[in-house]
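Contents: one structure, followed by commentary.
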Amino acid sequence: MSIRGSYRTALTYGAVGATQASDLMTYPPEGFTPSESRARIGHGDQRFETAVTQALTWQIQERSGIRVRVEEQPDDDEVRYNPVTFDDDGVPIAPASIGTPRVEKFAPDGTPLVTAGTSATLTMHAFGRTVQAPVRVVSIIDEHDRKGFAYGTLEGHPLSGEESFVVERTPDGSVWLQIRQFSQPSSRKWQFVAPLLRRQQKVMAEQYLAALRGD
């Protein structure tokens, strides 16, 4: 089976899907630093559906000042990553694999929703320079009250790791945005500025949460 274009580029970490592990903050992948942010962004079913569409059309990133350029979406006969799956106690029950075709979906206005296997380049301004961060969507979270996606880093990204963006609806109707990640500097060059990378991650997490709060 052939995998064309940028899809041949491997992820720069191994624990694909670990942002969904219940014990990520306690037991992150070895050598990686985890973080988690969560904020209430509204109430009600309509707010939930709107926020899900916003999340799955890259609006969290774009409203935070990041330019998103989609590089490639694999055809239906190509493959994508299937993340590690976990039981309720956070124990892995199925390893990461490849082989499941993606499912194309669209927002009500026809805008394509994020699909697993999509590669994109995120362009942002940090450290007084323009930084390009290649990523690939590794999983789609599609539960009744939890929807979103996770992407992993590709070669050229300042960090190595994964980040997820999940919109949640609680029993009282409140709508929340949860952002989880684990990462480490991707190269010796970036290790020299690791404290700056951590600071920038915190800034971006705040901007991501504000993007759907409407701040």
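Letters for chains follow the order of the structure tokens (A, B, ...), residue numbers begin at 1 for each chain, and ligand numbers begin at 1 in the order shown.
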
Taking 5 positions as the minimum chain separation for residues in the same chain, which residues sit within 10 Å of Glu36 (chain A) when counting only C-alpha atoms? Answer as a list in words.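 That gives Thr19, Leu24, Met25, Glu163, Ser164, Gln178, Ile179, Arg180, Gln181, Phe182, Lys202 and Ala205 of chain A.
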
Contact residues around Phe165 (chain A) with only C-alpha atoms at 10 Å, ignoring same-chain residues under 6 positions, as a PyMOL selection string: chain A and resi 19+37-38+52+55-56+60+140-141+147-151+177-181+208-209

I'd like the neighbourhood of Pro112 (chain A) as a PyMOL selection string, where a residue qualifies if any of its atoms comes within 12 Å (using only C-alpha atoms), though same-chain residues fewer than 2 positions away should be ignored. chain A and resi 53-58+70+73+103-110+114-115+118

Which one is closest to Gln61 (chain A): A:Leu159, A:Leu122, A:Val175, A:Val166? Count only C-alpha atoms.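 For Gln61 (chain A), the nearest of the candidates is A:Leu122.
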
Which residue, A:Met204, A:Ala39, A:Ala10, A:Ala15, has the smallest gap to Gly156 (chain A) when you use only C-alpha atoms?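 For Gly156 (chain A), the nearest of the candidates is A:Ala10.
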
List the spatial neighbours of region 65-68 of chain A as an mmCIF file with N, CA and C atoms, in the first residue's frame - criterion: any atom at most 6 Å away, only C-alpha atoms, same-chain residues fewer than 5 positions off excluded.
data_model
loop_
_atom_site.group_PDB
_atom_site.id
_atom_site.type_symbol
_atom_site.label_atom_id
_atom_site.label_comp_id
_atom_site.auth_asym_id
_atom_site.auth_seq_id
_atom_site.Cartn_x
_atom_site.Cartn_y
_atom_site.Cartn_z
ATOM 1 N N THR A 121 0.328 22.777 8.376
ATOM 2 C CA THR A 121 1.418 23.585 8.922
ATOM 3 C C THR A 121 0.808 24.761 9.667
ATOM 4 N N LEU A 122 1.165 24.898 10.929
ATOM 5 C CA LEU A 122 0.702 26.005 11.758
ATOM 6 C C LEU A 122 1.801 27.060 11.783
ATOM 7 N N THR A 123 1.458 28.284 11.398
ATOM 8 C CA THR A 123 2.428 29.375 11.375
ATOM 9 C C THR A 123 2.047 30.382 12.437
ATOM 10 N N MET A 124 3.004 30.673 13.337
ATOM 11 C CA MET A 124 2.733 31.586 14.452
ATOM 12 C C MET A 124 3.943 32.473 14.685
#

Could you jot down the CA of His43 (chain A) to CA of Asp145 (chain A) separation for me, Å, one decimal place? 12.7 Å

I'd like the contact shell of region 28-31 of chain A - 12 Å cut-off, only C-alpha atoms, skipping same-chain residues fewer than 5 positions apart - returned as a list in words.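 Near neighbours after the sequence-gap exclusion: Tyr13, Gly14, Ala15, Val16, Gly17, Ala18, Thr19, Gln20, Ala21, Ser22, Asp23, Glu36, Gly90, Ser160, Gly161, Glu162, Arg180, Gln181, Phe182, Ser183, Gln184, Pro185 and Ser186 of chain A.
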
Take the residues that were just selected and, keeping all heavy atoms, output them as a compact mmCIF listing (two decimals), in the first residue's frame.
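That gives us out-v9.txt:
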# COMPACT_ATOMS: atom_id res chain seq x y z
N TYR A 13 7.13 11.27 17.70
CA TYR A 13 6.97 10.69 19.03
C TYR A 13 6.24 9.36 18.87
O TYR A 13 5.68 9.07 17.81
CB TYR A 13 6.18 11.63 19.95
CG TYR A 13 4.73 11.79 19.55
CD1 TYR A 13 3.72 11.16 20.25
CD2 TYR A 13 4.38 12.54 18.44
CE1 TYR A 13 2.40 11.27 19.88
CE2 TYR A 13 3.07 12.67 18.05
CZ TYR A 13 2.08 12.04 18.77
OH TYR A 13 0.77 12.15 18.37
N GLY A 14 6.23 8.55 19.92
CA GLY A 14 5.67 7.22 19.80
C GLY A 14 4.32 7.00 20.45
O GLY A 14 3.56 6.14 20.01
N ALA A 15 4.00 7.75 21.48
CA ALA A 15 2.78 7.49 22.27
C ALA A 15 1.56 8.13 21.62
O ALA A 15 0.91 9.01 22.20
CB ALA A 15 2.96 7.98 23.70
N VAL A 16 1.23 7.70 20.42
CA VAL A 16 0.12 8.29 19.69
C VAL A 16 -1.19 8.05 20.43
O VAL A 16 -1.52 6.93 20.80
CB VAL A 16 0.04 7.69 18.27
CG1 VAL A 16 -1.13 8.31 17.49
CG2 VAL A 16 1.35 7.92 17.52
N GLY A 17 -1.94 9.12 20.68
CA GLY A 17 -3.22 9.01 21.35
C GLY A 17 -3.18 9.16 22.85
O GLY A 17 -4.22 9.13 23.51
N ALA A 18 -1.99 9.36 23.42
CA ALA A 18 -1.87 9.40 24.88
C ALA A 18 -2.50 10.63 25.52
O ALA A 18 -2.68 10.66 26.74
CB ALA A 18 -0.41 9.29 25.31
N THR A 19 -2.87 11.65 24.73
CA THR A 19 -3.58 12.80 25.32
C THR A 19 -4.94 12.37 25.87
O THR A 19 -5.53 13.10 26.67
CB THR A 19 -3.79 13.92 24.30
OG1 THR A 19 -4.32 13.38 23.08
CG2 THR A 19 -2.49 14.66 24.01
N GLN A 20 -5.44 11.21 25.46
CA GLN A 20 -6.75 10.75 25.94
C GLN A 20 -6.64 9.80 27.12
O GLN A 20 -7.65 9.30 27.60
CB GLN A 20 -7.51 10.07 24.79
CG GLN A 20 -7.76 10.99 23.60
CD GLN A 20 -8.32 12.34 24.02
OE1 GLN A 20 -9.40 12.41 24.60
NE2 GLN A 20 -7.60 13.40 23.73
N ALA A 21 -5.42 9.54 27.60
CA ALA A 21 -5.26 8.67 28.77
C ALA A 21 -5.73 9.40 30.01
O ALA A 21 -5.39 10.56 30.24
CB ALA A 21 -3.79 8.27 28.93
N SER A 22 -6.51 8.73 30.85
CA SER A 22 -7.07 9.38 32.03
C SER A 22 -6.00 9.80 33.02
O SER A 22 -6.19 10.74 33.79
CB SER A 22 -8.07 8.44 32.72
OG SER A 22 -7.44 7.24 33.12
N ASP A 23 -4.85 9.11 33.01
CA ASP A 23 -3.79 9.43 33.96
C ASP A 23 -2.62 10.17 33.31
O ASP A 23 -1.50 10.11 33.81
CB ASP A 23 -3.28 8.15 34.63
CG ASP A 23 -2.71 7.15 33.64
OD1 ASP A 23 -2.82 7.40 32.42
OD2 ASP A 23 -2.17 6.12 34.07
N GLU A 36 -2.51 20.51 31.12
CA GLU A 36 -3.95 20.42 30.89
C GLU A 36 -4.59 21.75 31.26
O GLU A 36 -4.26 22.34 32.30
CB GLU A 36 -4.54 19.29 31.73
CG GLU A 36 -6.04 19.08 31.55
CD GLU A 36 -6.54 17.90 32.38
OE1 GLU A 36 -6.59 18.04 33.62
OE2 GLU A 36 -6.84 16.85 31.79
N GLY A 90 -6.97 3.90 32.60
CA GLY A 90 -5.84 4.48 31.90
C GLY A 90 -4.83 3.47 31.42
O GLY A 90 -3.73 3.83 31.00
N SER A 160 8.20 18.05 20.24
CA SER A 160 7.81 16.69 19.91
C SER A 160 6.72 16.28 20.88
O SER A 160 6.88 16.41 22.10
CB SER A 160 9.01 15.75 20.04
OG SER A 160 8.62 14.40 19.84
N GLY A 161 5.57 15.83 20.37
CA GLY A 161 4.49 15.45 21.26
C GLY A 161 3.13 15.59 20.61
O GLY A 161 3.01 15.61 19.39
N GLU A 162 2.11 15.70 21.44
CA GLU A 162 0.73 15.67 20.97
C GLU A 162 -0.11 16.68 21.74
O GLU A 162 0.16 16.98 22.91
CB GLU A 162 0.18 14.26 21.16
CG GLU A 162 -1.22 14.02 20.61
CD GLU A 162 -1.62 12.57 20.76
OE1 GLU A 162 -0.97 11.69 20.15
OE2 GLU A 162 -2.58 12.30 21.52
N ARG A 180 -5.29 19.36 26.26
CA ARG A 180 -4.29 18.52 26.93
C ARG A 180 -3.11 18.34 25.98
O ARG A 180 -3.29 18.26 24.76
CB ARG A 180 -4.85 17.15 27.30
CG ARG A 180 -6.11 17.20 28.13
CD ARG A 180 -6.57 15.79 28.44
NE ARG A 180 -6.07 15.33 29.72
CZ ARG A 180 -5.89 14.06 30.05
NH1 ARG A 180 -6.13 13.11 29.17
NH2 ARG A 180 -5.45 13.72 31.25
N GLN A 181 -1.94 18.23 26.53
CA GLN A 181 -0.77 18.00 25.70
C GLN A 181 0.34 17.36 26.52
O GLN A 181 0.35 17.42 27.74
CB GLN A 181 -0.27 19.31 25.09
CG GLN A 181 0.20 20.33 26.09
CD GLN A 181 0.79 21.55 25.41
OE1 GLN A 181 1.87 21.49 24.85
NE2 GLN A 181 0.06 22.67 25.47
N PHE A 182 1.24 16.73 25.80
CA PHE A 182 2.52 16.31 26.37
C PHE A 182 3.58 16.60 25.32
O PHE A 182 3.34 16.44 24.12
CB PHE A 182 2.51 14.83 26.78
CG PHE A 182 2.23 13.87 25.65
CD1 PHE A 182 3.27 13.36 24.87
CD2 PHE A 182 0.94 13.46 25.37
CE1 PHE A 182 3.03 12.47 23.84
CE2 PHE A 182 0.68 12.57 24.33
CZ PHE A 182 1.73 12.07 23.57
N SER A 183 4.74 17.07 25.78
CA SER A 183 5.74 17.50 24.80
C SER A 183 7.12 17.54 25.42
O SER A 183 7.29 17.49 26.65
CB SER A 183 5.38 18.88 24.25
OG SER A 183 5.43 19.85 25.29
N GLN A 184 8.10 17.65 24.54
CA GLN A 184 9.48 17.91 24.90
C GLN A 184 10.12 18.62 23.71
O GLN A 184 9.60 18.54 22.59
CB GLN A 184 10.24 16.61 25.20
CG GLN A 184 10.33 15.66 24.02
CD GLN A 184 11.06 14.37 24.39
OE1 GLN A 184 11.35 14.10 25.54
NE2 GLN A 184 11.35 13.56 23.37
N PRO A 185 11.19 19.38 23.91
CA PRO A 185 11.85 20.04 22.78
C PRO A 185 12.23 19.00 21.73
O PRO A 185 12.67 17.89 22.05
CB PRO A 185 13.08 20.69 23.41
CG PRO A 185 12.68 20.92 24.84
CD PRO A 185 11.83 19.73 25.20
N SER A 186 12.06 19.35 20.48
CA SER A 186 12.27 18.37 19.40
C SER A 186 13.73 18.18 19.02
O SER A 186 14.06 17.20 18.34
CB SER A 186 11.47 18.79 18.16
OG SER A 186 11.93 20.05 17.69

Suppose you want the space between CA of Ser64 (chain A) and CA of Thr130 (chain A); what is it in Å?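 Computing the Euclidean distance for CA of Ser64 (chain A) and CA of Thr130 (chain A) yields 14.7 Å.
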
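Relative to CA of Gln201 (chain A), CA of Gly128 (chain A) is found at 15.2 Å.
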